[in-house]
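Asks: Next comes work-v6.txt, compact mmCIF, C-alpha atoms:
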# COMPACT_ATOMS: atom_id res chain seq x y z
CA MET A 16 199.86 86.55 -68.24
CA SER A 17 200.89 84.26 -65.43
CA THR A 18 198.43 85.57 -62.92
CA GLN A 19 195.31 87.66 -62.75
CA PRO A 20 195.95 90.26 -60.08
CA LEU A 21 193.09 91.49 -58.09
CA GLU A 22 191.75 94.93 -58.80
CA THR A 23 192.78 97.54 -56.26
CA PRO A 24 189.91 97.73 -53.79
CA ALA A 25 188.26 101.02 -53.05
CA ALA A 26 188.74 100.41 -49.36
CA ALA A 27 190.74 97.96 -47.30
CA PRO A 28 188.82 94.96 -45.97
CA SER A 29 187.36 95.55 -42.54
CA ARG A 30 188.59 93.65 -39.53
CA THR A 31 185.02 92.49 -38.83
CA THR A 32 184.76 90.97 -42.31
CA GLU A 33 188.03 89.08 -41.96
CA PHE A 34 187.13 87.69 -38.54
CA ALA A 35 183.70 86.66 -39.87
CA LEU A 36 185.40 84.80 -42.73
CA LEU A 37 187.80 83.19 -40.25
CA LEU A 38 184.81 81.96 -38.25
CA ALA A 39 183.11 80.66 -41.40
CA LEU A 40 186.27 78.81 -42.41
CA ALA A 41 186.54 77.28 -38.94
CA THR A 42 182.95 76.04 -39.22
CA LEU A 43 183.48 74.55 -42.68
CA TRP A 44 186.69 72.80 -41.68
CA GLY A 45 185.41 71.90 -38.22
CA GLY A 46 182.77 69.70 -39.81
CA SER A 47 185.24 68.00 -42.15
CA TYR A 48 186.41 65.48 -39.54
CA THR A 49 182.88 64.16 -39.09
CA PHE A 50 182.37 64.02 -42.86
CA ILE A 51 185.65 62.11 -43.28
CA LYS A 52 184.73 59.71 -40.47
CA LEU A 53 181.41 58.95 -42.16
CA GLY A 54 182.98 58.74 -45.60
CA VAL A 55 185.74 56.24 -44.82
CA GLU A 56 183.21 53.82 -43.35
CA THR A 57 182.50 52.50 -46.87
CA ILE A 58 184.87 54.48 -49.14
CA PRO A 59 188.65 53.82 -48.99
CA PRO A 60 190.76 56.88 -48.10
CA LEU A 61 192.44 57.33 -51.50
CA THR A 62 189.16 57.16 -53.40
CA LEU A 63 187.43 59.45 -50.91
CA ILE A 64 190.13 62.11 -51.22
CA ALA A 65 190.45 61.77 -55.00
CA ALA A 66 186.70 62.30 -55.35
CA ARG A 67 186.84 65.16 -52.86
CA THR A 68 189.48 67.08 -54.82
CA LEU A 69 187.84 66.31 -58.18
CA ILE A 70 184.40 67.57 -57.16
CA ALA A 71 185.83 70.63 -55.42
CA GLY A 72 188.07 71.44 -58.39
CA LEU A 73 185.18 71.25 -60.86
CA ILE A 74 183.02 73.49 -58.66
CA LEU A 75 185.78 76.08 -58.39
CA LEU A 76 186.33 75.96 -62.16
CA ALA A 77 182.63 76.57 -62.74
CA VAL A 78 182.66 79.57 -60.40
CA MET A 79 185.76 80.91 -62.14
CA ARG A 80 184.07 80.61 -65.52
CA TRP A 81 181.01 82.40 -64.19
CA ARG A 82 183.25 85.23 -62.93
CA GLY A 83 185.22 85.40 -66.17
CA LEU A 84 188.53 84.29 -64.61
CA ARG A 85 191.12 82.22 -66.45
CA MET A 86 193.79 79.92 -65.13
CA PRO A 87 197.40 81.05 -65.67
CA ARG A 88 199.32 79.34 -68.47
CA ASP A 89 202.91 79.72 -67.34
CA LEU A 90 204.83 76.76 -65.94
CA THR A 91 205.93 78.59 -62.78
CA ALA A 92 202.34 79.10 -61.62
CA TRP A 93 201.45 75.46 -62.18
CA ARG A 94 204.58 74.28 -60.35
CA ARG A 95 203.42 76.36 -57.40
CA PHE A 96 199.91 74.91 -57.69
CA LEU A 97 201.44 71.43 -57.58
CA THR A 98 203.52 72.23 -54.49
CA GLN A 99 200.48 73.72 -52.77
CA ALA A 100 198.40 70.68 -53.71
CA LEU A 101 200.94 68.32 -52.15
CA LEU A 102 201.17 70.36 -48.95
CA ASN A 103 197.53 71.36 -48.55
CA SER A 104 195.48 68.51 -49.98
CA VAL A 105 197.15 65.39 -51.39
CA VAL A 106 199.36 64.56 -48.41
CA PRO A 107 197.32 65.84 -45.43
CA PHE A 108 193.89 64.84 -46.79
CA THR A 109 195.06 61.29 -47.43
CA LEU A 110 196.90 60.93 -44.12
CA ILE A 111 193.93 62.18 -42.09
CA ALA A 112 191.43 60.01 -43.98
CA TRP A 113 193.64 56.95 -43.44
CA ALA A 114 194.11 57.78 -39.75
CA GLU A 115 190.40 58.32 -39.09
CA ARG A 116 189.66 54.69 -39.86
CA SER A 117 190.91 54.04 -36.33
CA VAL A 118 191.29 57.46 -34.65
CA ASP A 119 188.26 59.33 -33.31
CA ALA A 120 187.30 62.52 -35.13
CA GLY A 121 187.69 64.49 -31.90
CA LEU A 122 191.25 63.35 -31.31
CA ALA A 123 192.07 64.02 -34.97
CA SER A 124 190.82 67.59 -34.61
CA ILE A 125 192.91 68.08 -31.46
CA LEU A 126 196.11 66.87 -33.09
CA ASN A 127 195.38 68.84 -36.27
CA GLY A 128 194.61 71.92 -34.19
CA THR A 129 198.32 72.43 -33.56
CA THR A 130 198.91 73.81 -37.08
CA PRO A 131 199.63 77.37 -35.84
CA VAL A 132 202.28 75.99 -33.50
CA PHE A 133 204.20 74.54 -36.45
CA VAL A 134 203.67 77.70 -38.53
CA PHE A 135 205.13 79.76 -35.70
CA LEU A 136 208.10 77.44 -35.16
CA ILE A 137 208.86 76.97 -38.87
CA SER A 138 208.70 80.73 -39.36
CA LEU A 139 211.26 81.24 -36.61
CA ALA A 140 213.51 78.50 -38.00
CA LEU A 141 213.48 80.09 -41.46
CA MET A 142 214.25 83.53 -40.09
CA PRO A 143 217.39 83.15 -37.93
CA GLY A 144 218.18 86.21 -35.92
CA ARG A 145 214.65 87.57 -35.94
CA ARG A 146 213.27 88.17 -32.48
CA PRO A 147 210.18 86.03 -31.77
CA ASP A 148 206.85 87.80 -31.53
CA TRP A 149 205.94 87.29 -27.87
CA ARG A 150 202.27 88.01 -28.55
CA LYS A 151 201.97 85.24 -31.14
CA GLY A 152 203.89 82.88 -28.87
CA LEU A 153 201.37 83.67 -26.14
CA GLY A 154 198.57 83.06 -28.63
CA VAL A 155 200.00 79.64 -29.50
CA ALA A 156 200.18 78.68 -25.82
CA ALA A 157 196.68 80.02 -25.06
CA GLY A 158 195.17 78.16 -28.02
CA VAL A 159 196.69 74.82 -27.05
CA ALA A 160 195.63 75.28 -23.41
CA GLY A 161 192.11 76.22 -24.51
CA ILE A 162 191.75 73.15 -26.71
CA SER A 163 192.88 70.96 -23.82
CA LEU A 164 190.27 72.46 -21.51
CA ILE A 165 187.46 72.31 -24.09
CA VAL A 166 187.93 68.69 -25.00
CA GLY A 167 189.05 67.61 -21.54
CA VAL A 168 192.19 65.86 -20.40
CA ASP A 169 190.50 62.46 -20.72
CA ALA A 170 190.41 62.90 -24.49
CA PHE A 171 194.18 62.51 -24.58
CA SER A 172 194.09 59.13 -22.80
CA GLY A 173 194.18 57.37 -26.18
CA LEU A 174 197.41 59.04 -27.23
CA GLY A 175 200.05 56.42 -27.90
CA SER A 176 197.67 53.48 -28.19
CA GLN A 177 197.50 54.00 -31.94
CA ALA A 178 200.86 55.62 -32.60
CA MET A 179 201.06 55.34 -36.39
CA PRO A 180 197.66 56.91 -37.19
CA GLN A 181 198.31 59.69 -34.68
CA LEU A 182 201.76 60.36 -36.13
CA ALA A 183 200.12 60.49 -39.56
CA ILE A 184 197.83 63.28 -38.35
CA VAL A 185 200.80 65.16 -36.89
CA ALA A 186 202.58 64.82 -40.25
CA ALA A 187 199.45 66.18 -41.96
CA THR A 188 199.49 69.09 -39.52
CA ILE A 189 203.09 69.94 -40.42
CA ALA A 190 202.14 69.80 -44.12
CA TYR A 191 199.28 72.25 -43.47
CA ALA A 192 201.72 74.59 -41.71
CA CYS A 193 204.11 74.52 -44.67
CA ALA A 194 201.17 75.11 -47.03
CA ALA A 195 200.10 78.18 -45.07
CA LEU A 196 203.59 79.65 -45.43
CA PHE A 197 203.90 78.68 -49.08
CA GLY A 198 200.53 80.28 -49.75
CA ARG A 199 202.27 83.68 -49.72
CA HIS A 200 203.17 83.04 -53.36
CA PHE A 201 199.55 83.54 -54.37
CA THR A 202 198.94 86.95 -52.80
CA GLY A 203 198.75 88.58 -56.25
CA MET A 204 196.05 86.22 -57.51
CA ASP A 205 192.35 86.04 -57.12
CA PRO A 206 191.81 83.47 -54.32
CA LEU A 207 189.87 81.19 -56.68
CA LEU A 208 192.94 80.61 -58.88
CA PRO A 209 195.22 78.85 -56.36
CA ALA A 210 192.21 77.11 -54.84
CA ALA A 211 191.17 75.61 -58.19
CA GLY A 212 194.73 75.07 -59.40
CA SER A 213 195.78 73.15 -56.30
CA MET A 214 192.60 71.04 -56.39
CA LEU A 215 193.07 70.12 -60.05
CA THR A 216 196.76 69.24 -59.75
CA GLY A 217 195.97 67.24 -56.63
CA THR A 218 193.25 65.38 -58.52
CA ALA A 219 195.71 64.52 -61.30
CA LEU A 220 197.91 62.80 -58.71
CA LEU A 221 195.19 61.13 -56.66
CA ILE A 222 192.91 59.62 -59.32
CA PRO A 223 195.52 57.28 -60.86
CA ALA A 224 196.57 56.14 -57.37
CA ALA A 225 192.94 55.48 -56.37
CA LEU A 226 192.24 53.55 -59.58
CA ILE A 227 195.26 51.31 -59.01
CA VAL A 228 194.95 50.79 -55.26
CA ASP A 229 191.21 50.85 -54.56
CA ARG A 230 189.60 49.81 -57.87
CA PRO A 231 186.65 52.11 -57.06
CA TRP A 232 184.34 50.50 -59.63
CA THR A 233 184.16 47.48 -57.30
CA LEU A 234 183.03 49.52 -54.28
CA ALA A 235 179.51 49.77 -52.87
CA PRO A 236 179.50 52.96 -50.76
CA SER A 237 176.58 53.66 -48.48
CA ARG A 238 174.23 56.58 -48.99
CA GLU A 239 175.54 58.13 -45.76
CA SER A 240 179.13 57.99 -47.02
CA LEU A 241 178.15 59.51 -50.37
CA PHE A 242 176.33 62.40 -48.70
CA ALA A 243 179.35 62.93 -46.45
CA LEU A 244 181.61 62.99 -49.51
CA LEU A 245 179.39 65.56 -51.23
CA ALA A 246 179.29 67.83 -48.16
CA LEU A 247 183.04 67.41 -47.68
CA SER A 248 183.72 68.40 -51.30
CA VAL A 249 181.30 71.31 -51.67
CA PHE A 250 181.48 72.99 -48.28
CA SER A 251 184.64 71.83 -46.49
CA THR A 252 186.82 71.99 -49.61
CA ALA A 253 185.60 74.18 -52.51
CA LEU A 254 184.04 76.96 -50.45
CA ALA A 255 186.56 76.63 -47.63
CA PHE A 256 189.61 76.90 -49.89
CA ALA A 257 188.27 80.00 -51.61
CA ILE A 258 187.96 81.64 -48.18
CA TYR A 259 191.34 80.24 -47.07
CA PHE A 260 193.35 81.88 -49.86
CA ARG A 261 191.48 85.16 -49.30
CA LEU A 262 192.52 85.10 -45.64
CA ILE A 263 196.14 84.18 -46.45
CA ARG A 264 196.20 87.47 -48.36
CA THR A 265 194.58 89.58 -45.62
CA LEU A 266 195.41 87.94 -42.28
CA GLY A 267 198.71 86.31 -43.20
CA SER A 268 199.91 82.75 -42.62
CA VAL A 269 199.90 82.69 -38.81
CA GLY A 270 196.65 84.62 -38.54
CA THR A 271 194.86 82.32 -40.97
CA THR A 272 196.04 79.15 -39.23
CA ALA A 273 194.42 80.45 -36.05
CA VAL A 274 191.36 78.81 -37.62
CA SER A 275 192.78 75.55 -36.25
CA TYR A 276 191.94 76.69 -32.73
CA LEU A 277 188.42 77.74 -33.66
CA ARG A 278 187.60 74.38 -35.25
CA VAL A 279 187.56 72.57 -31.92
CA PRO A 280 185.05 74.74 -30.00
CA ILE A 281 182.86 74.87 -33.10
CA GLY A 282 182.93 71.08 -33.30
CA VAL A 283 181.96 70.90 -29.63
CA ALA A 284 179.08 73.32 -30.25
CA ILE A 285 177.83 71.23 -33.19
CA GLY A 286 177.84 68.14 -31.00
CA LEU A 287 176.06 70.03 -28.22
CA LEU A 288 173.29 71.32 -30.49
CA PHE A 289 172.74 68.43 -32.90
CA LEU A 290 174.16 65.29 -31.30
CA GLY A 291 173.11 65.81 -27.68
CA GLU A 292 176.68 65.85 -26.37
CA ARG A 293 177.38 67.57 -23.05
CA LEU A 294 179.86 70.40 -22.70
CA GLN A 295 182.40 69.88 -19.92
CA PRO A 296 182.53 72.54 -17.17
CA THR A 297 186.11 73.44 -18.08
CA ALA A 298 185.07 74.12 -21.68
CA TRP A 299 183.93 77.67 -20.93
CA ALA A 300 187.39 78.61 -19.65
CA GLY A 301 188.85 76.85 -22.68
CA LEU A 302 186.69 78.88 -25.04
CA ALA A 303 187.94 82.08 -23.44
CA LEU A 304 191.55 80.97 -23.92
CA VAL A 305 190.88 80.07 -27.56
CA VAL A 306 189.39 83.49 -28.24
CA LEU A 307 192.36 85.19 -26.56
CA GLY A 308 194.77 83.05 -28.56
CA VAL A 309 193.10 83.89 -31.86
CA MET A 310 193.04 87.59 -31.01
CA ALA A 311 196.73 87.52 -30.07
CA MET A 312 197.66 86.02 -33.42
CA THR A 313 195.36 88.01 -35.69
CA LEU A 314 195.04 91.53 -34.28
CA PRO A 315 197.08 94.13 -36.16
CA GLU A 316 200.60 94.74 -34.97
CA ARG A 317 201.45 98.30 -33.98
CA LYS A 318 204.83 99.35 -35.31
CA SER A 319 206.69 102.60 -34.96
CA GLY A 320 209.81 104.09 -36.43
CA ALA A 321 211.00 105.01 -39.86
CA GLY A 322 211.66 101.47 -40.92
CA SER A 323 208.32 100.06 -39.92
CA SER A 324 205.93 98.78 -42.52
CA THR A 325 202.67 100.55 -43.01
CA GLY A 326 199.32 98.98 -43.54
CA PRO A 327 196.38 99.94 -45.69
CA LYS A 328 194.78 103.33 -45.40
CA SER A 329 192.25 101.94 -42.98
CA GLY A 330 195.03 101.27 -40.47
CA ILE A 331 194.50 97.52 -40.50
CA ARG A 332 197.80 95.66 -40.64
CA PHE A 333 197.79 91.98 -39.87
CA SER A 334 201.22 90.81 -38.82
CA GLU A 335 202.78 88.27 -41.15
CA GLU A 336 205.35 85.93 -39.63
CA SER A 337 206.55 84.81 -43.03
CA ASP A 338 207.20 88.19 -44.67
CA ALA A 339 210.93 87.60 -44.74
CA ILE A 340 210.88 83.90 -45.59
CA PRO A 341 212.69 83.22 -48.89
CA MET A 342 210.42 80.49 -50.27
CA ARG A 343 210.75 79.52 -53.93
Can the structure from this file be put into structure tokens for me?
Replies:
Amino acid sequence: MSTQPLETPAAAPSRTTEFALLLALATLWGGSYTFIKLGVETIPPLTLIAARTLIAGLILLAVMRWRGLRMPRDLTAWRRFLTQALLNSVVPFTLIAWAERSVDAGLASILNGTTPVFVFLISLALMPGRRPDWRKGLGVAAGVAGISLIVGVDAFSGLGSQAMPQLAIVAATIAYACAALFGRHFTGMDPLLPAAGSMLTGTALLIPAALIVDRPWTLAPSRESLFALLALSVFSTALAFAIYFRLIRTLGSVGTTAVSYLRVPIGVAIGLLFLGERLQPTAWAGLALVVLGVMAMTLPERKSGAGSSTGPKSGIRFSEESDAIPMR
């Protein structure tokens, strides 16, 4: 069989559970920028990302074996894993790691936080004639405004001074948006399958490149960089991707990418609690806007009429911008 469909659940997942997972994913990915910043201090970007995908892939395989899951054997599934790997790990991971050699982690998180904007715009471009969802458009605007207030306008003063690294992060953001839309292809699989499959195919591409370019056997990484790599692989990749594909199935593409807005306030909170950083006065208003933006993009959409789609028996129906997108 090409996939292992999930068993029909006894009850639909609760909204509280999905929002809790969204918050957990935001925390795991919110810390990834700091881990990357520490890692690239003594580990070149290609080697760092190759090791990240390898470790994460092996962990996911071990969990799959423990759960009795098997990877699909058909070529179509593996082609989709490869596409997802390019869009969701190989390209964006490498671009962000390369950019963070010169770009601050905070600025990287701001630029990368615009993923839902690109998901929303790409969805509209691929569905000509479909009326835009005003609520999600409002959520996009509220999220961007909230991030600006949380971080502060001064944080954007460096924009343009390092154009190429910043453009690399924007390109990574667009890749993430495409990956979120393409992730619809895995809605019939256990979330661990596309997570492990994309990590393993990404590893197959990255390891040869790292061996040729970086010659990792000649490196002398610091203990701090190695610990950052381990945390990045276990928490911000293996665990995070398992949650990510679960949320793609339950919240949809746009709803899941709302995690991009949550990463920034969580990163600010981590700095406030553990690094002694001070929260700007405007941050509280920004947090409120972020919460409103996330709610606007993830709350169930009420539809009426004979042609409307119906949700699970629990009444929870998360709107999916990409339902009508013919992606192959």
Asks: Env of Ile111 (chain A): 7 Å cut, atoms = only C-alpha atoms, seq-sep filter 4 positions within chain, self excluded. Answer as a list in words.
Replies: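 What passes the distance filter is Pro107, Glu115, Ala183, Ile184 and Ala187 of chain A.
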Asks: Atoms to include: C-alpha atoms. Write the selected residues as a short mmCIF file (atom, residue, chain, number, x, y, z; two decimals), keeping the file's coordinate frame.
Replies:
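Result file out_38.cif:
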data_model
loop_
_atom_site.label_atom_id
_atom_site.label_comp_id
_atom_site.auth_asym_id
_atom_site.auth_seq_id
_atom_site.Cartn_x
_atom_site.Cartn_y
_atom_site.Cartn_z
CA PRO A 107 197.32 65.84 -45.43
CA GLU A 115 190.40 58.32 -39.09
CA ALA A 183 200.12 60.49 -39.56
CA ILE A 184 197.83 63.28 -38.35
CA ALA A 187 199.45 66.18 -41.96
#
Asks: Skipping near chain neighbours, those fewer than 5 positions away, what residues fall within 9 Å of Ala156 (chain A) using all atoms listed in the file, listed as a compact mmCIF listing (two decimals) with C-alpha atoms, in the frame of the given file?
Replies:
# COMPACT_ATOMS: atom_id res chain seq x y z
CA VAL A 132 202.28 75.99 -33.50
CA LYS A 151 201.97 85.24 -31.14
CA GLY A 161 192.11 76.22 -24.51
CA GLY A 308 194.77 83.05 -28.56
Asks: Determine, for each residue of region 41-75 of chain A having at least one atom at most 12 Å from an atom of region 80-95 of chain A, the closest pair of atoms and their separation in Å to one decimal, counting all atoms listed in the file; order by chain and ascending number, as a tab-separated table.
Replies:
residue	atom	partner	partner_atom	distance
A:Leu73	CA	A:Arg80	CA	10.5
A:Ile74	CA	A:Arg80	CA	9.9
A:Leu75	CA	A:Arg80	CA	8.6
Asks: Using only C-alpha atoms, which residues sit within 12 Å of Ile189 (chain A) once same-chain residues fewer than 4 positions away are excluded, as a PyMOL selection string?
Replies: chain A and resi 102-103+106-107+110+126-137+182-185+193-196+272
Asks: What does the structure give for the distance between CA of Leu304 (chain A) and CA of Gly45 (chain A), in Å to one decimal?
Replies: 18.0 Å
Asks: Using all atoms listed in the file, which residue out of A:Ala66, A:Val274, A:Leu208, A:Ala77 lies closest to Ala243 (chain A)?
Replies: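 Result for the nearest residue to Ala243 (chain A): A:Ala66.
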Asks: Using all atoms listed in the file, which of A:Leu277, A:Ile258, A:Ala225, A:Ala190 sits nearest Thr32 (chain A)?
Replies: A:Ile258
Asks: Using only C-alpha atoms, find the one residue out of A:Leu245, A:Met204, A:Val305, A:Ile222 that sits nearest to Ile70 (chain A).
Replies: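 Smallest separation from Ile70 (chain A) among the options: A:Leu245.
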Asks: Which residue is closest to Ser251 (chain A)? Choose from A:Ala71, A:Val78, A:Val55, A:Ala65 and count all atoms listed in the file.
Replies: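 So, comparing all the options, the nearest one is A:Ala71.
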Asks: Taking the partial coordinates given, rebuild region 97-108 of chain A to contain all heavy atoms; return it as a PDB file, in the frame of the given file.
Replies:
ATOM      1  N   LEU A  97     201.116  72.814 -57.919  1.00  0.00           N
ATOM      2  CA  LEU A  97     201.440  71.430 -57.580  1.00  0.00           C
ATOM      3  C   LEU A  97     202.018  71.335 -56.180  1.00  0.00           C
ATOM      4  O   LEU A  97     201.638  70.449 -55.392  1.00  0.00           O
ATOM      5  CB  LEU A  97     202.422  70.854 -58.599  1.00  0.00           C
ATOM      6  CG  LEU A  97     202.911  69.417 -58.338  1.00  0.00           C
ATOM      7  CD1 LEU A  97     201.739  68.446 -58.317  1.00  0.00           C
ATOM      8  CD2 LEU A  97     203.937  69.012 -59.399  1.00  0.00           C
ATOM      9  N   THR A  98     202.936  72.236 -55.839  1.00  0.00           N
ATOM     10  CA  THR A  98     203.520  72.230 -54.490  1.00  0.00           C
ATOM     11  C   THR A  98     202.442  72.467 -53.443  1.00  0.00           C
ATOM     12  O   THR A  98     202.389  71.783 -52.412  1.00  0.00           O
ATOM     13  CB  THR A  98     204.602  73.323 -54.380  1.00  0.00           C
ATOM     14  OG1 THR A  98     205.620  73.075 -55.349  1.00  0.00           O
ATOM     15  CG2 THR A  98     205.219  73.332 -52.998  1.00  0.00           C
ATOM     16  N   GLN A  99     201.558  73.434 -53.717  1.00  0.00           N
ATOM     17  CA  GLN A  99     200.480  73.720 -52.770  1.00  0.00           C
ATOM     18  C   GLN A  99     199.538  72.534 -52.648  1.00  0.00           C
ATOM     19  O   GLN A  99     199.051  72.235 -51.550  1.00  0.00           O
ATOM     20  CB  GLN A  99     199.708  74.967 -53.229  1.00  0.00           C
ATOM     21  CG  GLN A  99     198.681  75.480 -52.233  1.00  0.00           C
ATOM     22  CD  GLN A  99     199.313  76.133 -51.020  1.00  0.00           C
ATOM     23  OE1 GLN A  99     200.502  76.416 -51.019  1.00  0.00           O
ATOM     24  NE2 GLN A  99     198.531  76.376 -49.994  1.00  0.00           N
ATOM     25  N   ALA A 100     199.272  71.857 -53.749  1.00  0.00           N
ATOM     26  CA  ALA A 100     198.400  70.680 -53.710  1.00  0.00           C
ATOM     27  C   ALA A 100     198.991  69.586 -52.828  1.00  0.00           C
ATOM     28  O   ALA A 100     198.284  68.963 -52.029  1.00  0.00           O
ATOM     29  CB  ALA A 100     198.176  70.153 -55.124  1.00  0.00           C
ATOM     30  N   LEU A 101     200.292  69.342 -52.964  1.00  0.00           N
ATOM     31  CA  LEU A 101     200.940  68.320 -52.150  1.00  0.00           C
ATOM     32  C   LEU A 101     200.870  68.663 -50.676  1.00  0.00           C
ATOM     33  O   LEU A 101     200.590  67.804 -49.831  1.00  0.00           O
ATOM     34  CB  LEU A 101     202.403  68.149 -52.588  1.00  0.00           C
ATOM     35  CG  LEU A 101     202.623  67.490 -53.952  1.00  0.00           C
ATOM     36  CD1 LEU A 101     204.076  67.619 -54.376  1.00  0.00           C
ATOM     37  CD2 LEU A 101     202.213  66.019 -53.911  1.00  0.00           C
ATOM     38  N   LEU A 102     201.111  69.935 -50.345  1.00  0.00           N
ATOM     39  CA  LEU A 102     201.170  70.360 -48.950  1.00  0.00           C
ATOM     40  C   LEU A 102     199.798  70.549 -48.325  1.00  0.00           C
ATOM     41  O   LEU A 102     199.623  70.352 -47.120  1.00  0.00           O
ATOM     42  CB  LEU A 102     201.953  71.676 -48.841  1.00  0.00           C
ATOM     43  CG  LEU A 102     203.434  71.625 -49.195  1.00  0.00           C
ATOM     44  CD1 LEU A 102     204.023  73.038 -49.169  1.00  0.00           C
ATOM     45  CD2 LEU A 102     204.196  70.713 -48.239  1.00  0.00           C
ATOM     46  N   ASN A 103     198.815  70.940 -49.123  1.00  0.00           N
ATOM     47  CA  ASN A 103     197.530  71.360 -48.550  1.00  0.00           C
ATOM     48  C   ASN A 103     196.376  70.416 -48.844  1.00  0.00           C
ATOM     49  O   ASN A 103     195.286  70.618 -48.310  1.00  0.00           O
ATOM     50  CB  ASN A 103     197.181  72.763 -49.051  1.00  0.00           C
ATOM     51  CG  ASN A 103     196.464  73.586 -48.003  1.00  0.00           C
ATOM     52  OD1 ASN A 103     196.670  73.403 -46.817  1.00  0.00           O
ATOM     53  ND2 ASN A 103     195.618  74.497 -48.445  1.00  0.00           N
ATOM     54  N   SER A 104     196.581  69.425 -49.695  1.00  0.00           N
ATOM     55  CA  SER A 104     195.480  68.510 -49.980  1.00  0.00           C
ATOM     56  C   SER A 104     195.941  67.066 -50.130  1.00  0.00           C
ATOM     57  O   SER A 104     195.533  66.192 -49.348  1.00  0.00           O
ATOM     58  CB  SER A 104     194.709  68.962 -51.233  1.00  0.00           C
ATOM     59  OG  SER A 104     195.561  69.087 -52.352  1.00  0.00           O
ATOM     60  N   VAL A 105     196.799  66.780 -51.093  1.00  0.00           N
ATOM     61  CA  VAL A 105     197.150  65.390 -51.390  1.00  0.00           C
ATOM     62  C   VAL A 105     197.690  64.674 -50.154  1.00  0.00           C
ATOM     63  O   VAL A 105     197.173  63.622 -49.737  1.00  0.00           O
ATOM     64  CB  VAL A 105     198.171  65.320 -52.538  1.00  0.00           C
ATOM     65  CG1 VAL A 105     198.628  63.871 -52.754  1.00  0.00           C
ATOM     66  CG2 VAL A 105     197.568  65.866 -53.825  1.00  0.00           C
ATOM     67  N   VAL A 106     198.729  65.220 -49.558  1.00  0.00           N
ATOM     68  CA  VAL A 106     199.360  64.560 -48.410  1.00  0.00           C
ATOM     69  C   VAL A 106     198.489  64.620 -47.150  1.00  0.00           C
ATOM     70  O   VAL A 106     198.155  63.580 -46.571  1.00  0.00           O
ATOM     71  CB  VAL A 106     200.767  65.138 -48.152  1.00  0.00           C
ATOM     72  CG1 VAL A 106     201.350  64.591 -46.843  1.00  0.00           C
ATOM     73  CG2 VAL A 106     201.697  64.813 -49.317  1.00  0.00           C
ATOM     74  N   PRO A 107     198.088  65.817 -46.680  1.00  0.00           N
ATOM     75  CA  PRO A 107     197.320  65.840 -45.430  1.00  0.00           C
ATOM     76  C   PRO A 107     195.936  65.221 -45.525  1.00  0.00           C
ATOM     77  O   PRO A 107     195.506  64.524 -44.596  1.00  0.00           O
ATOM     78  CB  PRO A 107     197.236  67.344 -45.100  1.00  0.00           C
ATOM     79  CG  PRO A 107     197.432  68.036 -46.399  1.00  0.00           C
ATOM     80  CD  PRO A 107     198.365  67.175 -47.182  1.00  0.00           C
ATOM     81  N   PHE A 108     195.210  65.449 -46.638  1.00  0.00           N
ATOM     82  CA  PHE A 108     193.890  64.840 -46.790  1.00  0.00           C
ATOM     83  C   PHE A 108     193.972  63.319 -46.673  1.00  0.00           C
ATOM     84  O   PHE A 108     193.182  62.678 -45.970  1.00  0.00           O
ATOM     85  CB  PHE A 108     193.279  65.199 -48.148  1.00  0.00           C
ATOM     86  CG  PHE A 108     192.758  66.603 -48.252  1.00  0.00           C
ATOM     87  CD1 PHE A 108     192.888  67.509 -47.216  1.00  0.00           C
ATOM     88  CD2 PHE A 108     192.136  67.034 -49.421  1.00  0.00           C
ATOM     89  CE1 PHE A 108     192.406  68.802 -47.328  1.00  0.00           C
ATOM     90  CE2 PHE A 108     191.640  68.317 -49.550  1.00  0.00           C
ATOM     91  CZ  PHE A 108     191.781  69.213 -48.506  1.00  0.00           C
TER      92      PHE A 108
END
